[in-house]
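Structure data follow from run.pdb (PDB, C-alpha atoms):
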ATOM      1  CA  MET A  58      -9.297  30.949  11.478  1.00  0.00           C
ATOM      2  CA  LEU A  59     -10.516  27.383  10.923  1.00  0.00           C
ATOM      3  CA  GLY A  60     -10.341  27.796   7.152  1.00  0.00           C
ATOM      4  CA  SER A  61      -6.769  29.067   7.420  1.00  0.00           C
ATOM      5  CA  GLN A  62      -5.796  26.057   9.547  1.00  0.00           C
ATOM      6  CA  MET A  63      -7.336  23.676   7.022  1.00  0.00           C
ATOM      7  CA  ARG A  64      -5.319  25.273   4.207  1.00  0.00           C
ATOM      8  CA  ARG A  65      -2.094  24.817   6.162  1.00  0.00           C
ATOM      9  CA  ARG A  66      -2.706  21.155   7.001  1.00  0.00           C
ATOM     10  CA  LYS A  67      -0.177  18.800   5.447  1.00  0.00           C
ATOM     11  CA  PRO A  68      -1.596  15.946   3.348  1.00  0.00           C
ATOM     12  CA  ARG A  69      -1.940  12.972   5.680  1.00  0.00           C
ATOM     13  CA  ILE A  70      -0.775   9.598   4.336  1.00  0.00           C
ATOM     14  CA  LEU A  71      -1.532   6.167   5.768  1.00  0.00           C
ATOM     15  CA  CYS A  72       1.563   3.981   5.318  1.00  0.00           C
ATOM     16  CA  LEU A  73       1.090   0.202   5.107  1.00  0.00           C
ATOM     17  CA  HIS A  74       4.250  -1.796   5.794  1.00  0.00           C
ATOM     18  CA  GLY A  75       5.423  -4.982   4.097  1.00  0.00           C
ATOM     19  CA  PHE A  76       4.971  -8.661   4.939  1.00  0.00           C
ATOM     20  CA  ARG A  77       6.390  -9.606   8.348  1.00  0.00           C
ATOM     21  CA  THR A  78       7.783  -6.171   9.078  1.00  0.00           C
ATOM     22  CA  SER A  79       6.174  -3.323  11.058  1.00  0.00           C
ATOM     23  CA  GLY A  80       5.098   0.284  10.932  1.00  0.00           C
ATOM     24  CA  GLU A  81       8.204   1.294  12.857  1.00  0.00           C
ATOM     25  CA  ILE A  82      10.446  -0.471  10.339  1.00  0.00           C
ATOM     26  CA  LEU A  83       8.778   1.263   7.395  1.00  0.00           C
ATOM     27  CA  LYS A  84       9.147   4.575   9.223  1.00  0.00           C
ATOM     28  CA  LYS A  85      12.888   3.968   9.680  1.00  0.00           C
ATOM     29  CA  MET A  86      13.336   3.035   6.021  1.00  0.00           C
ATOM     30  CA  MET A  87      11.490   6.118   4.820  1.00  0.00           C
ATOM     31  CA  GLY A  88      13.406   8.243   7.311  1.00  0.00           C
ATOM     32  CA  LYS A  89      16.313   8.245   4.847  1.00  0.00           C
ATOM     33  CA  TRP A  90      14.236  10.017   2.219  1.00  0.00           C
ATOM     34  CA  PRO A  91      15.138  13.690   1.599  1.00  0.00           C
ATOM     35  CA  ASP A  92      13.705  16.144   4.115  1.00  0.00           C
ATOM     36  CA  ALA A  93      12.284  18.085   1.179  1.00  0.00           C
ATOM     37  CA  VAL A  94       9.898  15.171   0.648  1.00  0.00           C
ATOM     38  CA  LEU A  95       9.216  14.141   4.236  1.00  0.00           C
ATOM     39  CA  GLU A  96       8.422  17.616   5.533  1.00  0.00           C
ATOM     40  CA  LYS A  97       5.604  18.075   3.029  1.00  0.00           C
ATOM     41  CA  PHE A  98       3.453  15.227   4.383  1.00  0.00           C
ATOM     42  CA  ASP A  99       2.073  13.877   7.638  1.00  0.00           C
ATOM     43  CA  PHE A 100       2.747  10.116   7.705  1.00  0.00           C
ATOM     44  CA  ASP A 101       1.041   7.525   9.913  1.00  0.00           C
ATOM     45  CA  PHE A 102       2.627   4.076  10.386  1.00  0.00           C
ATOM     46  CA  PRO A 103       0.271   1.500  11.959  1.00  0.00           C
ATOM     47  CA  ASP A 104       1.201  -2.133  12.556  1.00  0.00           C
ATOM     48  CA  ALA A 105      -0.769  -4.866  10.799  1.00  0.00           C
ATOM     49  CA  PRO A 106      -3.277  -6.728  13.005  1.00  0.00           C
ATOM     50  CA  SER A 107      -1.621 -10.162  12.864  1.00  0.00           C
ATOM     51  CA  PRO A 108       1.734 -11.019  14.490  1.00  0.00           C
ATOM     52  CA  ALA A 109       4.092 -12.734  12.036  1.00  0.00           C
ATOM     53  CA  LYS A 110       3.309 -16.434  11.768  1.00  0.00           C
ATOM     54  CA  GLY A 111       6.761 -17.368  10.497  1.00  0.00           C
ATOM     55  CA  LYS A 112      10.339 -16.179  10.013  1.00  0.00           C
ATOM     56  CA  SER A 113      10.822 -12.653   8.723  1.00  0.00           C
ATOM     57  CA  ASP A 114      13.244 -11.967   5.865  1.00  0.00           C
ATOM     58  CA  ILE A 115      14.527  -8.918   7.720  1.00  0.00           C
ATOM     59  CA  GLU A 116      15.546 -10.659  10.943  1.00  0.00           C
ATOM     60  CA  GLY A 117      19.001  -9.404  11.863  1.00  0.00           C
ATOM     61  CA  LEU A 118      18.456  -6.179   9.925  1.00  0.00           C
ATOM     62  CA  TYR A 119      15.580  -4.737  11.924  1.00  0.00           C
ATOM     63  CA  ASP A 120      14.391  -5.629  15.394  1.00  0.00           C
ATOM     64  CA  PRO A 121      11.063  -7.388  16.044  1.00  0.00           C
ATOM     65  CA  PRO A 122       8.139  -7.463  16.556  1.00  0.00           C
ATOM     66  CA  TYR A 123       7.000  -8.283  13.016  1.00  0.00           C
ATOM     67  CA  TYR A 124       3.471  -8.279  11.615  1.00  0.00           C
ATOM     68  CA  GLU A 125       1.531  -9.350   8.528  1.00  0.00           C
ATOM     69  CA  TRP A 126      -1.712  -8.007   7.059  1.00  0.00           C
ATOM     70  CA  TYR A 127      -3.172 -11.304   5.901  1.00  0.00           C
ATOM     71  CA  GLN A 128      -2.067 -14.852   5.124  1.00  0.00           C
ATOM     72  CA  VAL A 129      -2.227 -16.684   1.816  1.00  0.00           C
ATOM     73  CA  ASN A 130      -1.301 -20.050   0.340  1.00  0.00           C
ATOM     74  CA  LYS A 131      -1.946 -21.664  -3.044  1.00  0.00           C
ATOM     75  CA  VAL A 132      -5.518 -22.495  -2.091  1.00  0.00           C
ATOM     76  CA  GLU A 133      -6.978 -19.553  -0.214  1.00  0.00           C
ATOM     77  CA  CYS A 134      -6.440 -16.239   1.535  1.00  0.00           C
ATOM     78  CA  PHE A 135      -6.958 -15.922   5.284  1.00  0.00           C
ATOM     79  CA  ASN A 136      -8.021 -12.932   7.388  1.00  0.00           C
ATOM     80  CA  PHE A 137      -8.361 -10.577   4.420  1.00  0.00           C
ATOM     81  CA  GLU A 138     -11.781  -9.244   5.419  1.00  0.00           C
ATOM     82  CA  GLU A 139     -10.583  -8.789   9.001  1.00  0.00           C
ATOM     83  CA  CYS A 140      -7.542  -6.905   7.711  1.00  0.00           C
ATOM     84  CA  ILE A 141      -9.695  -4.530   5.661  1.00  0.00           C
ATOM     85  CA  ALA A 142     -11.997  -3.879   8.627  1.00  0.00           C
ATOM     86  CA  TYR A 143      -8.939  -3.169  10.789  1.00  0.00           C
ATOM     87  CA  ILE A 144      -7.564  -0.618   8.301  1.00  0.00           C
ATOM     88  CA  GLU A 145     -10.921   1.120   7.909  1.00  0.00           C
ATOM     89  CA  ASP A 146     -11.338   1.339  11.680  1.00  0.00           C
ATOM     90  CA  HIS A 147      -7.850   2.838  11.972  1.00  0.00           C
ATOM     91  CA  MET A 148      -8.689   5.410   9.294  1.00  0.00           C
ATOM     92  CA  ILE A 149     -11.860   6.384  11.151  1.00  0.00           C
ATOM     93  CA  LYS A 150     -10.037   6.800  14.464  1.00  0.00           C
ATOM     94  CA  HIS A 151      -6.850   8.466  13.211  1.00  0.00           C
ATOM     95  CA  GLY A 152      -7.912  10.238  10.019  1.00  0.00           C
ATOM     96  CA  PRO A 153      -8.822  11.944   7.914  1.00  0.00           C
ATOM     97  CA  PHE A 154      -6.266  10.586   5.443  1.00  0.00           C
ATOM     98  CA  ASP A 155      -5.626  12.076   2.022  1.00  0.00           C
ATOM     99  CA  GLY A 156      -3.667   9.211   0.496  1.00  0.00           C
ATOM    100  CA  LEU A 157      -2.127   5.789   0.945  1.00  0.00           C
ATOM    101  CA  LEU A 158       1.424   4.479   0.692  1.00  0.00           C
ATOM    102  CA  GLY A 159       2.084   0.760   0.663  1.00  0.00           C
ATOM    103  CA  PHE A 160       5.239  -1.337   0.494  1.00  0.00           C
ATOM    104  CA  SER A 161       5.188  -4.975  -0.716  1.00  0.00           C
ATOM    105  CA  GLN A 162       2.151  -6.639   0.907  1.00  0.00           C
ATOM    106  CA  GLY A 163       1.064  -3.184   2.036  1.00  0.00           C
ATOM    107  CA  GLY A 164       1.406  -2.053  -1.576  1.00  0.00           C
ATOM    108  CA  MET A 165      -1.036  -4.718  -2.685  1.00  0.00           C
ATOM    109  CA  LEU A 166      -3.530  -3.386  -0.146  1.00  0.00           C
ATOM    110  CA  ALA A 167      -2.963   0.255  -1.094  1.00  0.00           C
ATOM    111  CA  SER A 168      -3.733  -0.598  -4.713  1.00  0.00           C
ATOM    112  CA  VAL A 169      -7.098  -2.237  -3.996  1.00  0.00           C
ATOM    113  CA  LEU A 170      -8.466   0.136  -1.358  1.00  0.00           C
ATOM    114  CA  PRO A 171      -9.607   2.865  -3.813  1.00  0.00           C
ATOM    115  CA  TRP A 172     -11.480   0.256  -5.852  1.00  0.00           C
ATOM    116  CA  MET A 173     -13.232  -1.149  -2.774  1.00  0.00           C
ATOM    117  CA  GLN A 174     -14.186   2.365  -1.741  1.00  0.00           C
ATOM    118  CA  ARG A 175     -15.542   3.169  -5.200  1.00  0.00           C
ATOM    119  CA  GLU A 176     -17.606  -0.037  -5.238  1.00  0.00           C
ATOM    120  CA  GLY A 177     -18.933   0.602  -1.744  1.00  0.00           C
ATOM    121  CA  VAL A 178     -17.775  -2.746  -0.332  1.00  0.00           C
ATOM    122  CA  ALA A 179     -15.458  -1.101   2.217  1.00  0.00           C
ATOM    123  CA  PHE A 180     -14.149   2.288   3.357  1.00  0.00           C
ATOM    124  CA  THR A 181     -17.578   3.880   3.066  1.00  0.00           C
ATOM    125  CA  LYS A 182     -17.170   5.708   6.392  1.00  0.00           C
ATOM    126  CA  VAL A 183     -13.980   7.582   5.482  1.00  0.00           C
ATOM    127  CA  PRO A 184     -13.257  10.423   3.013  1.00  0.00           C
ATOM    128  CA  LYS A 185     -12.417   9.543  -0.572  1.00  0.00           C
ATOM    129  CA  ILE A 186      -8.836   8.362  -1.079  1.00  0.00           C
ATOM    130  CA  LYS A 187      -7.149  10.994  -3.265  1.00  0.00           C
ATOM    131  CA  PHE A 188      -3.974   9.165  -4.320  1.00  0.00           C
ATOM    132  CA  VAL A 189      -1.871   6.051  -3.721  1.00  0.00           C
ATOM    133  CA  VAL A 190       1.863   5.299  -3.756  1.00  0.00           C
ATOM    134  CA  VAL A 191       2.700   1.623  -4.372  1.00  0.00           C
ATOM    135  CA  ILE A 192       6.289   0.510  -3.722  1.00  0.00           C
ATOM    136  CA  SER A 193       7.272  -3.004  -4.839  1.00  0.00           C
ATOM    137  CA  GLY A 194       3.596  -3.880  -4.954  1.00  0.00           C
ATOM    138  CA  PHE A 195       2.052  -6.924  -6.575  1.00  0.00           C
ATOM    139  CA  ALA A 196      -1.298  -8.475  -7.417  1.00  0.00           C
ATOM    140  CA  LEU A 197      -2.821 -11.052  -5.117  1.00  0.00           C
ATOM    141  CA  ARG A 198      -1.981 -14.445  -6.599  1.00  0.00           C
ATOM    142  CA  GLU A 199      -4.700 -16.527  -8.229  1.00  0.00           C
ATOM    143  CA  LEU A 200      -6.131 -18.956  -5.699  1.00  0.00           C
ATOM    144  CA  LYS A 201      -7.889 -22.277  -6.200  1.00  0.00           C
ATOM    145  CA  SER A 202     -10.719 -21.098  -3.981  1.00  0.00           C
ATOM    146  CA  GLY A 203     -10.972 -17.799  -5.841  1.00  0.00           C
ATOM    147  CA  PRO A 204     -10.278 -14.271  -4.569  1.00  0.00           C
ATOM    148  CA  PRO A 205     -11.498 -12.964  -1.212  1.00  0.00           C
ATOM    149  CA  LYS A 206     -15.175 -11.991  -1.288  1.00  0.00           C
ATOM    150  CA  LEU A 207     -14.351  -8.294  -1.229  1.00  0.00           C
ATOM    151  CA  LEU A 208     -12.302  -8.680  -4.431  1.00  0.00           C
ATOM    152  CA  VAL A 209     -14.585 -10.931  -6.494  1.00  0.00           C
ATOM    153  CA  ASN A 210     -15.216  -8.237  -9.130  1.00  0.00           C
ATOM    154  CA  ALA A 211     -12.056  -6.271  -8.514  1.00  0.00           C
ATOM    155  CA  PHE A 212     -11.128  -3.647 -11.110  1.00  0.00           C
ATOM    156  CA  SER A 213     -13.995  -4.365 -13.458  1.00  0.00           C
ATOM    157  CA  ALA A 214     -13.881  -0.668 -14.430  1.00  0.00           C
ATOM    158  CA  PRO A 215     -11.315   2.155 -14.264  1.00  0.00           C
ATOM    159  CA  VAL A 216     -10.704   3.822 -10.910  1.00  0.00           C
ATOM    160  CA  GLU A 217     -10.270   7.590 -10.829  1.00  0.00           C
ATOM    161  CA  CYS A 218      -7.391   7.849  -8.378  1.00  0.00           C
ATOM    162  CA  PRO A 219      -3.863   9.089  -9.195  1.00  0.00           C
ATOM    163  CA  SER A 220      -1.148   6.537  -8.426  1.00  0.00           C
ATOM    164  CA  LEU A 221       2.630   6.304  -8.340  1.00  0.00           C
ATOM    165  CA  HIS A 222       4.236   2.858  -8.719  1.00  0.00           C
ATOM    166  CA  MET A 223       7.864   2.068  -7.885  1.00  0.00           C
ATOM    167  CA  ILE A 224       9.114  -1.345  -9.004  1.00  0.00           C
ATOM    168  CA  GLY A 225      12.578  -2.846  -8.497  1.00  0.00           C
ATOM    169  CA  SER A 226      13.581  -4.762 -11.625  1.00  0.00           C
ATOM    170  CA  GLU A 227      15.781  -7.307  -9.810  1.00  0.00           C
ATOM    171  CA  LEU A 228      13.532  -8.270  -6.922  1.00  0.00           C
ATOM    172  CA  GLU A 229      13.552 -12.057  -6.772  1.00  0.00           C
ATOM    173  CA  HIS A 230       9.868 -12.466  -5.913  1.00  0.00           C
ATOM    174  CA  LEU A 231       8.608  -9.971  -8.500  1.00  0.00           C
ATOM    175  CA  GLN A 232       8.927  -9.892 -12.260  1.00  0.00           C
ATOM    176  CA  CYS A 233       8.893  -6.243 -13.257  1.00  0.00           C
ATOM    177  CA  GLN A 234       7.246  -6.829 -16.648  1.00  0.00           C
ATOM    178  CA  ARG A 235       4.536  -8.915 -15.010  1.00  0.00           C
ATOM    179  CA  CYS A 236       3.942  -6.162 -12.467  1.00  0.00           C
ATOM    180  CA  LYS A 237       3.591  -3.536 -15.181  1.00  0.00           C
ATOM    181  CA  GLN A 238       1.121  -5.716 -17.048  1.00  0.00           C
ATOM    182  CA  ARG A 239      -0.828  -6.221 -13.856  1.00  0.00           C
ATOM    183  CA  PHE A 240      -0.870  -2.507 -13.086  1.00  0.00           C
ATOM    184  CA  THR A 241      -1.925  -1.671 -16.629  1.00  0.00           C
ATOM    185  CA  PHE A 242      -4.852  -4.037 -16.167  1.00  0.00           C
ATOM    186  CA  TYR A 243      -5.668  -3.023 -12.629  1.00  0.00           C
ATOM    187  CA  PHE A 244      -5.178   0.687 -13.137  1.00  0.00           C
ATOM    188  CA  PRO A 245      -6.388   1.651 -16.646  1.00  0.00           C
ATOM    189  CA  THR A 246      -4.765   4.844 -17.893  1.00  0.00           C
ATOM    190  CA  LYS A 247      -8.079   6.426 -18.889  1.00  0.00           C
ATOM    191  CA  ASN A 248      -9.008   8.878 -16.129  1.00  0.00           C
ATOM    192  CA  PHE A 249      -6.222   7.431 -14.022  1.00  0.00           C
ATOM    193  CA  SER A 250      -2.869   9.143 -13.559  1.00  0.00           C
ATOM    194  CA  THR A 251      -0.275   6.387 -13.277  1.00  0.00           C
ATOM    195  CA  LEU A 252       3.515   6.598 -13.343  1.00  0.00           C
ATOM    196  CA  ILE A 253       5.607   3.429 -13.188  1.00  0.00           C
ATOM    197  CA  ILE A 254       9.226   3.978 -12.177  1.00  0.00           C
ATOM    198  CA  ASN A 255      11.778   1.313 -13.119  1.00  0.00           C
ATOM    199  CA  THR A 256      14.884   0.978 -10.963  1.00  0.00           C
ATOM    200  CA  ASN A 257      17.885  -0.910 -12.334  1.00  0.00           C
ATOM    201  CA  SER A 258      18.582  -2.824  -9.137  1.00  0.00           C
ATOM    202  CA  ALA A 259      16.785  -4.368  -6.211  1.00  0.00           C
ATOM    203  CA  LEU A 260      14.648  -1.556  -4.861  1.00  0.00           C
ATOM    204  CA  ASN A 261      15.927   0.091  -1.697  1.00  0.00           C
ATOM    205  CA  LEU A 262      12.979   1.852  -0.127  1.00  0.00           C
ATOM    206  CA  SER A 263      15.297   4.447   1.352  1.00  0.00           C
ATOM    207  CA  ASP A 264      16.291   5.548  -2.155  1.00  0.00           C
ATOM    208  CA  CYS A 265      12.809   5.783  -3.660  1.00  0.00           C
ATOM    209  CA  ALA A 266      12.571   9.541  -3.299  1.00  0.00           C
ATOM    210  CA  LYS A 267      15.957   9.942  -5.006  1.00  0.00           C
ATOM    211  CA  THR A 268      14.710   7.754  -7.876  1.00  0.00           C
ATOM    212  CA  ILE A 269      11.961  10.267  -8.530  1.00  0.00           C
TER     213      ILE A 269
END
What would you get if you wrote out this structure as structure tokens?
Amino acid sequence: MLGSQMRRRKPRILCLHGFRTSGEILKKMMGKWPDAVLEKFDFDFPDAPSPAKGKSDIEGLYDPPYYEWYQVNKVECFNFEECIAYIEDHMIKHGPFDGLLGFSQGGMLASVLPWMQREGVAFTKVPKIKFVVVISGFALRELKSGPPKLLVNAFSAPVECPSLHMIGSELEHLQCQRCKQRFTFYFPTKNFSTLIINTNSALNLSDCAKTI
């Protein structure tokens, strides 16, 4: 009986929202995806640990509260280690999770988690991450103080984890070609299943499934 239940379990996906948004907002945006996609997975939408420390770009479109995973300026990154510990603790309490989905700032996190798990610097207490979906993701900018300690040797070798990347070509804060170059570097194609989807307009998360 237990084995039969395990076979019927939907793949569980941890969904990491964007900068100064929330889990509820990401859930609403993805709610417009086709039922044929949504019904195949079990999605979890946590809020980031830090309340937004400034104005959100989606004020007036979606109701608060708003959250952010970490903070960064040109010099250094703040609360990154605390953010990672928060996500791992959530995965322990609410898992097991099969994969990750991240949008914007959450996409950056989703892309680095498999590497940190492989290197043993984080996520050692949870099952292996089987796949990631990165929507409008980006690489953490180069900082004068250097990367967070957990990312000092990030992506020094290929990571064996299938990934799907969705990139809007007209997003003002992202240059699509730069993103593809970054992903090619961060996610080598050898032993790594990567698909980069180009959209011809600013990416609407609600339409991502239709893009596929």
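Computed from the coordinates, the CA of Asp120 (chain A) to CA of Ile82 (chain A) distance equals 8.2 Å.
Distances to Phe102 (chain A) were evaluated for A:Trp90, A:Phe188, A:Trp172, A:Phe160 using all atoms listed in the file, and the minimum falls at A:Phe160.
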I want to know what sits within 12 Å of region 103-112 of chain A, based on all atoms listed in the file, with residues of the same chain fewer than 2 positions away left out; could you give that as a compact mmCIF listing (two decimals) with C-alpha atoms, in the frame of the given file?
# COMPACT_ATOMS: atom_id res chain seq x y z
CA ILE A 70 -0.78 9.60 4.34
CA LEU A 71 -1.53 6.17 5.77
CA CYS A 72 1.56 3.98 5.32
CA LEU A 73 1.09 0.20 5.11
CA HIS A 74 4.25 -1.80 5.79
CA GLY A 75 5.42 -4.98 4.10
CA PHE A 76 4.97 -8.66 4.94
CA ARG A 77 6.39 -9.61 8.35
CA THR A 78 7.78 -6.17 9.08
CA SER A 79 6.17 -3.32 11.06
CA GLY A 80 5.10 0.28 10.93
CA GLU A 81 8.20 1.29 12.86
CA ILE A 82 10.45 -0.47 10.34
CA LEU A 83 8.78 1.26 7.40
CA LYS A 84 9.15 4.58 9.22
CA PHE A 100 2.75 10.12 7.70
CA ASP A 101 1.04 7.52 9.91
CA ASP A 114 13.24 -11.97 5.86
CA ILE A 115 14.53 -8.92 7.72
CA GLU A 116 15.55 -10.66 10.94
CA GLY A 117 19.00 -9.40 11.86
CA PRO A 121 11.06 -7.39 16.04
CA PRO A 122 8.14 -7.46 16.56
CA TYR A 123 7.00 -8.28 13.02
CA TYR A 124 3.47 -8.28 11.62
CA GLU A 125 1.53 -9.35 8.53
CA TRP A 126 -1.71 -8.01 7.06
CA TYR A 127 -3.17 -11.30 5.90
CA GLN A 128 -2.07 -14.85 5.12
CA VAL A 129 -2.23 -16.68 1.82
CA PHE A 135 -6.96 -15.92 5.28
CA ASN A 136 -8.02 -12.93 7.39
CA PHE A 137 -8.36 -10.58 4.42
CA GLU A 138 -11.78 -9.24 5.42
CA GLU A 139 -10.58 -8.79 9.00
CA CYS A 140 -7.54 -6.90 7.71
CA ILE A 141 -9.70 -4.53 5.66
CA ALA A 142 -12.00 -3.88 8.63
CA TYR A 143 -8.94 -3.17 10.79
CA ILE A 144 -7.56 -0.62 8.30
CA GLU A 145 -10.92 1.12 7.91
CA ASP A 146 -11.34 1.34 11.68
CA HIS A 147 -7.85 2.84 11.97
CA MET A 148 -8.69 5.41 9.29
CA LYS A 150 -10.04 6.80 14.46
CA HIS A 151 -6.85 8.47 13.21
CA LEU A 158 1.42 4.48 0.69
CA GLY A 159 2.08 0.76 0.66
CA GLN A 162 2.15 -6.64 0.91
CA GLY A 163 1.06 -3.18 2.04
CA LEU A 166 -3.53 -3.39 -0.15
Edge lengths and centre in Å to one decimal, as AutoDock Vina command-line options, of the axis-aligned box that encloses all listed atoms of region 213-219 of chain A with 5 Å added on every side?
--center_x -8.9 --center_y 2.4 --center_z -11.4 --size_x 20.1 --size_y 23.5 --size_z 16.1
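With all atoms listed in the file as the atoms that count, the minimum distance from Met165 (chain A) to the choices A:Pro91, A:Pro153, A:Pro68, A:Gly194 is reached by A:Gly194.
The environment of region 174-179 of chain A within 10 Å, counting only C-alpha atoms and disregarding residues fewer than 2 places along the same chain, consists of Glu138, Ile141, Ala142, Ile144, Glu145, Val169, Leu170, Pro171, Trp172, Thr181, Lys182, Val183, Pro184, Lys185, Ile186, Lys206, Leu207, Leu208, Asn210, Ala211, Phe212, Ser213, Ala214, Val216, Glu217 and Cys218 of chain A.
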CA of Asp92 (chain A) to CA of Ser168 (chain A), distance in Å rounded to a single decimal: 25.7 Å
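Interatomic distance, CA of Ala93 (chain A) against CA of Phe154 (chain A): 20.5 Å.
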Distance criterion (only C-alpha atoms): nearest to Lys85 (chain A) out of A:Lys187, A:Ser113, A:Gly152, A:Leu118: A:Leu118
